[in-house]
Amino acid sequence: MEDEIRALKARKNAVILAHNYQPMEIQALADVVGDSLDLAVKAKETGADLIVVCGVRFMAETAKILNPGRKVVIPVEDAVCPLADYLTPEMILEARRQHTDAAVVVYVNSSAECKALADVTCTSANAVRVVASLQNEEILFGPDANLAAYVQRELPDKKIIPLPPEGHCYVHTGFSLADVEAARKRGGIIVCHPECLPEVQEQADRIASTGGMVRGAADGGNEPWWVFTEREMVSRLRYLYPGRVFYEKPDAVCKDMKKIKLADLLRALDREEHEIVLPPAVMEGARQAIERMLAVGV
C-alpha cells in the first residue's frame, strides 16, 4: 500500500501534509510533517496540484485558504477538532457587540467561518507576540481558554477575554498536577503545551507548541523530557532525536487525529476526496486574518 501511495503521489503531482499527532505510518509517507500552520505555509512553497492534509478539518481548511487555486482534500471527512467546535461565528458577533473596543484574536484551531470574523489569527507558538502587537487593551480570544490564560499571564497589561470561557482541548486538560508530581519523582524536564491547564503550566519547566518542542529538543542536552501533549508527539521526537529520552502519557490520545489510515490516504489520492470547498467571502476574510498573523511572524 505504501508503494501505491508513493506512485499515486508522483503521478498526480501531489503533496502529503501530516500533523505531528498523526500515526507514524502516515508521517512516514508525508512530504511535510509539522504543526497546523507549518503545513499550510509549506504547501504554498510546493508546486503540487493536489494537497492532501492528514490531520483534522480546520487544518485542511487553512491549507485551502492559503492555497485557493489548488485542490485540497482530507482523507477522512469526519476528522474534526472538538476544541475548534467550541467557538461559533455567532459567539464572535455577540461578543463584538458587547465589547466594541476589543480586538478579536482567533486561534488557528478554529473553523474558517470564525477566522473570517477575526481581526487576526494566532498559533500556540506566536499567540503572545500576536496579541502584544495589537493596540487594543481588550482582546476577545478563542476558542482555547487555557491558551488565553497563558497569554494573559505573559501580557498582564492586556485584558484577555476567553471566548468561550469553557473552550479546551480534552487531550491537554487530561494532564494534571498528579502527572507533574509523578514526573518530578522520576526526574527530567517537564515540557507542556500551552493548551494544558494553567496550574500545570505554572509547574512545568517549559511551555512550548509542538513546533517549539521540536526546535527545543534540537538544542541538545541529555536530560529526559516529559512531554505533556498528544502521545504521538513523543513518537515524532524519538524519531527525530533517537539518542534522547522522551516520556509520554499513554492515554493522551486525540481520537480524531487517529482516524486516518493508510487505506484512507490511498483512497484520497486515487479519488481526490474529500475536497475542501469554502465560500469565497469566508476564504477572503480568513485569508486576511491569517496574513495579518504572518506579518507579525510565526
# chains A, B, ... in the order shown; residues from 1 in each chain; ligands from 1
$ select_by_dssp --residues "segment 161-228 of chain A" --states "strand (DSSP E)" --output "list in words"
Ile161, Pro162, Ile189, Ile190, Val191, Cys192, Arg206, Ile207, Trp225, Trp226, Val227 and Phe228 of chain A
$ write_last_selection --atoms "N, CA and C atoms" --output "PDB file, in the first residue's frame"
ATOM      1  N   ILE A 161     -10.130  38.192  27.204  1.00  0.00           N
ATOM      2  CA  ILE A 161     -11.466  37.650  27.470  1.00  0.00           C
ATOM      3  C   ILE A 161     -11.614  36.343  26.701  1.00  0.00           C
ATOM      4  N   PRO A 162     -11.616  35.201  27.403  1.00  0.00           N
ATOM      5  CA  PRO A 162     -11.720  33.919  26.694  1.00  0.00           C
ATOM      6  C   PRO A 162     -13.101  33.749  26.064  1.00  0.00           C
ATOM      7  N   ILE A 189      12.949  16.966  32.630  1.00  0.00           N
ATOM      8  CA  ILE A 189      12.374  18.270  32.315  1.00  0.00           C
ATOM      9  C   ILE A 189      10.934  18.090  31.849  1.00  0.00           C
ATOM     10  N   ILE A 190      10.039  18.880  32.422  1.00  0.00           N
ATOM     11  CA  ILE A 190       8.628  18.819  32.028  1.00  0.00           C
ATOM     12  C   ILE A 190       8.366  19.919  31.004  1.00  0.00           C
ATOM     13  N   VAL A 191       7.944  19.495  29.820  1.00  0.00           N
ATOM     14  CA  VAL A 191       7.626  20.431  28.738  1.00  0.00           C
ATOM     15  C   VAL A 191       6.151  20.282  28.424  1.00  0.00           C
ATOM     16  N   CYS A 192       5.384  21.345  28.616  1.00  0.00           N
ATOM     17  CA  CYS A 192       3.938  21.239  28.396  1.00  0.00           C
ATOM     18  C   CYS A 192       3.464  22.188  27.312  1.00  0.00           C
ATOM     19  N   ARG A 206       9.082  24.097  30.976  1.00  0.00           N
ATOM     20  CA  ARG A 206       8.974  24.828  29.715  1.00  0.00           C
ATOM     21  C   ARG A 206       7.548  24.724  29.199  1.00  0.00           C
ATOM     22  N   ILE A 207       7.127  25.774  28.484  1.00  0.00           N
ATOM     23  CA  ILE A 207       5.838  25.752  27.801  1.00  0.00           C
ATOM     24  C   ILE A 207       6.143  25.952  26.317  1.00  0.00           C
ATOM     25  N   TRP A 225      12.910  14.197  28.779  1.00  0.00           N
ATOM     26  CA  TRP A 225      11.795  15.141  28.660  1.00  0.00           C
ATOM     27  C   TRP A 225      10.493  14.414  28.950  1.00  0.00           C
ATOM     28  N   TRP A 226       9.668  15.024  29.799  1.00  0.00           N
ATOM     29  CA  TRP A 226       8.278  14.609  29.958  1.00  0.00           C
ATOM     30  C   TRP A 226       7.465  15.512  29.048  1.00  0.00           C
ATOM     31  N   VAL A 227       6.828  14.936  28.053  1.00  0.00           N
ATOM     32  CA  VAL A 227       6.160  15.729  27.013  1.00  0.00           C
ATOM     33  C   VAL A 227       4.655  15.724  27.269  1.00  0.00           C
ATOM     34  N   PHE A 228       4.147  16.870  27.712  1.00  0.00           N
ATOM     35  CA  PHE A 228       2.730  16.997  28.048  1.00  0.00           C
ATOM     36  C   PHE A 228       1.953  17.516  26.846  1.00  0.00           C
TER      37      PHE A 228
END
$ residues_around --residues "Ser124 of chain A" --least-positions-apart "6" --cutoff "9 Å" --atoms "only C-alpha atoms" --output "PyMOL selection string"
chain A and resi 107-108+147+193-195+208-210
$ write_last_selection --atoms "N, CA, C and O atoms" --output "PDB file, in the first residue's frame"
ATOM      1  N   TYR A 107      -7.547  31.574  17.438  1.00  0.00           N
ATOM      2  CA  TYR A 107      -6.553  30.507  17.330  1.00  0.00           C
ATOM      3  C   TYR A 107      -6.753  29.797  15.992  1.00  0.00           C
ATOM      4  O   TYR A 107      -7.879  29.656  15.519  1.00  0.00           O
ATOM      5  N   VAL A 108      -5.669  29.328  15.387  1.00  0.00           N
ATOM      6  CA  VAL A 108      -5.817  28.598  14.125  1.00  0.00           C
ATOM      7  C   VAL A 108      -6.660  27.343  14.289  1.00  0.00           C
ATOM      8  O   VAL A 108      -7.236  26.853  13.314  1.00  0.00           O
ATOM      9  N   LEU A 147      -5.022  28.526  26.599  1.00  0.00           N
ATOM     10  CA  LEU A 147      -4.074  29.343  25.847  1.00  0.00           C
ATOM     11  C   LEU A 147      -4.322  30.824  26.143  1.00  0.00           C
ATOM     12  O   LEU A 147      -3.375  31.609  26.259  1.00  0.00           O
ATOM     13  N   HIS A 193       2.389  21.808  26.686  1.00  0.00           N
ATOM     14  CA  HIS A 193       1.748  22.615  25.650  1.00  0.00           C
ATOM     15  C   HIS A 193       0.912  23.699  26.340  1.00  0.00           C
ATOM     16  O   HIS A 193       0.341  23.463  27.409  1.00  0.00           O
ATOM     17  N   PRO A 194       0.807  24.902  25.745  1.00  0.00           N
ATOM     18  CA  PRO A 194       0.011  25.962  26.379  1.00  0.00           C
ATOM     19  C   PRO A 194      -1.493  25.725  26.379  1.00  0.00           C
ATOM     20  O   PRO A 194      -2.228  26.546  26.926  1.00  0.00           O
ATOM     21  N   GLU A 195      -1.960  24.611  25.809  1.00  0.00           N
ATOM     22  CA  GLU A 195      -3.365  24.236  25.959  1.00  0.00           C
ATOM     23  C   GLU A 195      -3.597  23.460  27.261  1.00  0.00           C
ATOM     24  O   GLU A 195      -4.743  23.149  27.599  1.00  0.00           O
ATOM     25  N   ALA A 208       5.649  25.055  25.478  1.00  0.00           N
ATOM     26  CA  ALA A 208       6.010  25.124  24.061  1.00  0.00           C
ATOM     27  C   ALA A 208       4.930  24.516  23.180  1.00  0.00           C
ATOM     28  O   ALA A 208       4.253  23.562  23.578  1.00  0.00           O
ATOM     29  N   SER A 209       4.786  25.071  21.994  1.00  0.00           N
ATOM     30  CA  SER A 209       3.951  24.464  20.958  1.00  0.00           C
ATOM     31  C   SER A 209       4.640  23.206  20.465  1.00  0.00           C
ATOM     32  O   SER A 209       5.793  22.924  20.819  1.00  0.00           O
ATOM     33  N   THR A 210       3.961  22.438  19.610  1.00  0.00           N
ATOM     34  CA  THR A 210       4.610  21.230  19.094  1.00  0.00           C
ATOM     35  C   THR A 210       5.840  21.594  18.257  1.00  0.00           C
ATOM     36  O   THR A 210       6.874  20.931  18.339  1.00  0.00           O
TER      37      THR A 210
END
$ residues_around --residues "segment 71-79 of chain A" --least-positions-apart "4" --cutoff "9 Å" --atoms "only C-alpha atoms" --output "JSON, numbers by chain"
{"A": [49, 50, 51, 52, 53, 54, 55, 56, 57, 60, 61, 63, 64, 67, 255, 256, 257, 258, 259, 260, 261, 264, 265, 266, 267, 268, 269, 272, 273, 274, 275, 276, 277]}
$ atom_distance --atom1 "atom CA of Tyr21 of chain A" --atom2 "atom CA of Pro68 of chain A"
25.2 Å
$ select_by_dssp --residues "segment 36-127 of chain A" --states "alpha helix (DSSP H)" --output "VMD selection string"
chain A and resid 36 to 44 57 to 66 89 to 98 112 to 116 127
$ write_last_selection --atoms "C-alpha atoms" --output "mmCIF file, in the first residue's frame"
data_model
loop_
_atom_site.group_PDB
_atom_site.id
_atom_site.type_symbol
_atom_site.label_atom_id
_atom_site.label_comp_id
_atom_site.auth_asym_id
_atom_site.auth_seq_id
_atom_site.Cartn_x
_atom_site.Cartn_y
_atom_site.Cartn_z
ATOM 1 C CA SER A 36 -1.074 23.139 11.572
ATOM 2 C CA LEU A 37 0.381 26.411 10.332
ATOM 3 C CA ASP A 38 3.643 24.779 9.219
ATOM 4 C CA LEU A 39 1.612 22.547 6.942
ATOM 5 C CA ALA A 40 -0.369 25.350 5.311
ATOM 6 C CA VAL A 41 2.625 27.620 4.810
ATOM 7 C CA LYS A 42 4.807 24.837 3.417
ATOM 8 C CA ALA A 43 2.043 23.902 0.975
ATOM 9 C CA LYS A 44 2.394 27.347 -0.606
ATOM 10 C CA ARG A 57 -10.664 19.635 9.173
ATOM 11 C CA PHE A 58 -9.541 23.084 10.314
ATOM 12 C CA MET A 59 -6.029 22.234 9.094
ATOM 13 C CA ALA A 60 -7.297 21.321 5.645
ATOM 14 C CA GLU A 61 -9.390 24.492 5.589
ATOM 15 C CA THR A 62 -6.336 26.599 6.452
ATOM 16 C CA ALA A 63 -4.346 24.924 3.688
ATOM 17 C CA LYS A 64 -7.146 25.730 1.231
ATOM 18 C CA ILE A 65 -7.381 29.359 2.397
ATOM 19 C CA LEU A 66 -3.664 29.883 1.773
ATOM 20 C CA PRO A 89 -19.452 32.768 14.397
ATOM 21 C CA GLU A 90 -22.499 33.785 16.427
ATOM 22 C CA MET A 91 -20.393 33.930 19.598
ATOM 23 C CA ILE A 92 -17.895 36.237 17.927
ATOM 24 C CA LEU A 93 -20.586 38.574 16.608
ATOM 25 C CA GLU A 94 -22.312 38.787 20.003
ATOM 26 C CA ALA A 95 -19.012 39.361 21.814
ATOM 27 C CA ARG A 96 -18.135 42.166 19.403
ATOM 28 C CA ARG A 97 -21.455 43.845 20.222
ATOM 29 C CA GLN A 98 -20.692 43.660 23.934
ATOM 30 C CA ALA A 112 -12.799 29.040 8.529
ATOM 31 C CA GLU A 113 -16.028 30.906 9.326
ATOM 32 C CA CYS A 114 -14.628 32.010 12.691
ATOM 33 C CA LYS A 115 -11.298 33.019 11.168
ATOM 34 C CA ALA A 116 -13.193 35.176 8.673
ATOM 35 C CA ALA A 127 -0.090 33.930 20.443
#
$ atom_distance --atom1 "atom CA of Glu138 of chain A" --atom2 "atom CA of Val298 of chain A"
22.3 Å
$ closest_residue --among "A:Cys254, A:Tyr239, A:Val296, A:Thr121" --to "Pro82 of chain A" --atoms "only C-alpha atoms"
A:Cys254
$ closest_residue --among "A:Ile139, A:Val253, A:Ala30, A:Ala218" --to "Glu232 of chain A" --atoms "only C-alpha atoms"
A:Val253
$ closest_residue --among "A:Ser111, A:Ala217, A:Leu17, A:Thr173" --to "Thr88 of chain A" --atoms "only C-alpha atoms"
A:Ser111
$ residues_around --residues "Gly243 of chain A" --least-positions-apart "6" --cutoff "12 Å" --atoms "only C-alpha atoms" --output "VMD selection string"
chain A and resid 217 to 218 220 to 224 237
$ closest_residue --among "A:Ala48, A:Val151, A:Leu87, A:Ala10" --to "Cys122 of chain A" --atoms "only C-alpha atoms"
A:Val151
$ closest_residue --among "A:Val214, A:Ile16, A:Ala145, A:Val171" --to "Glu230 of chain A" --atoms "only C-alpha atoms"
A:Val171
$ atom_distance --atom1 "atom CA of Met233 of chain A" --atom2 "atom CA of Gln22 of chain A"
8.6 Å
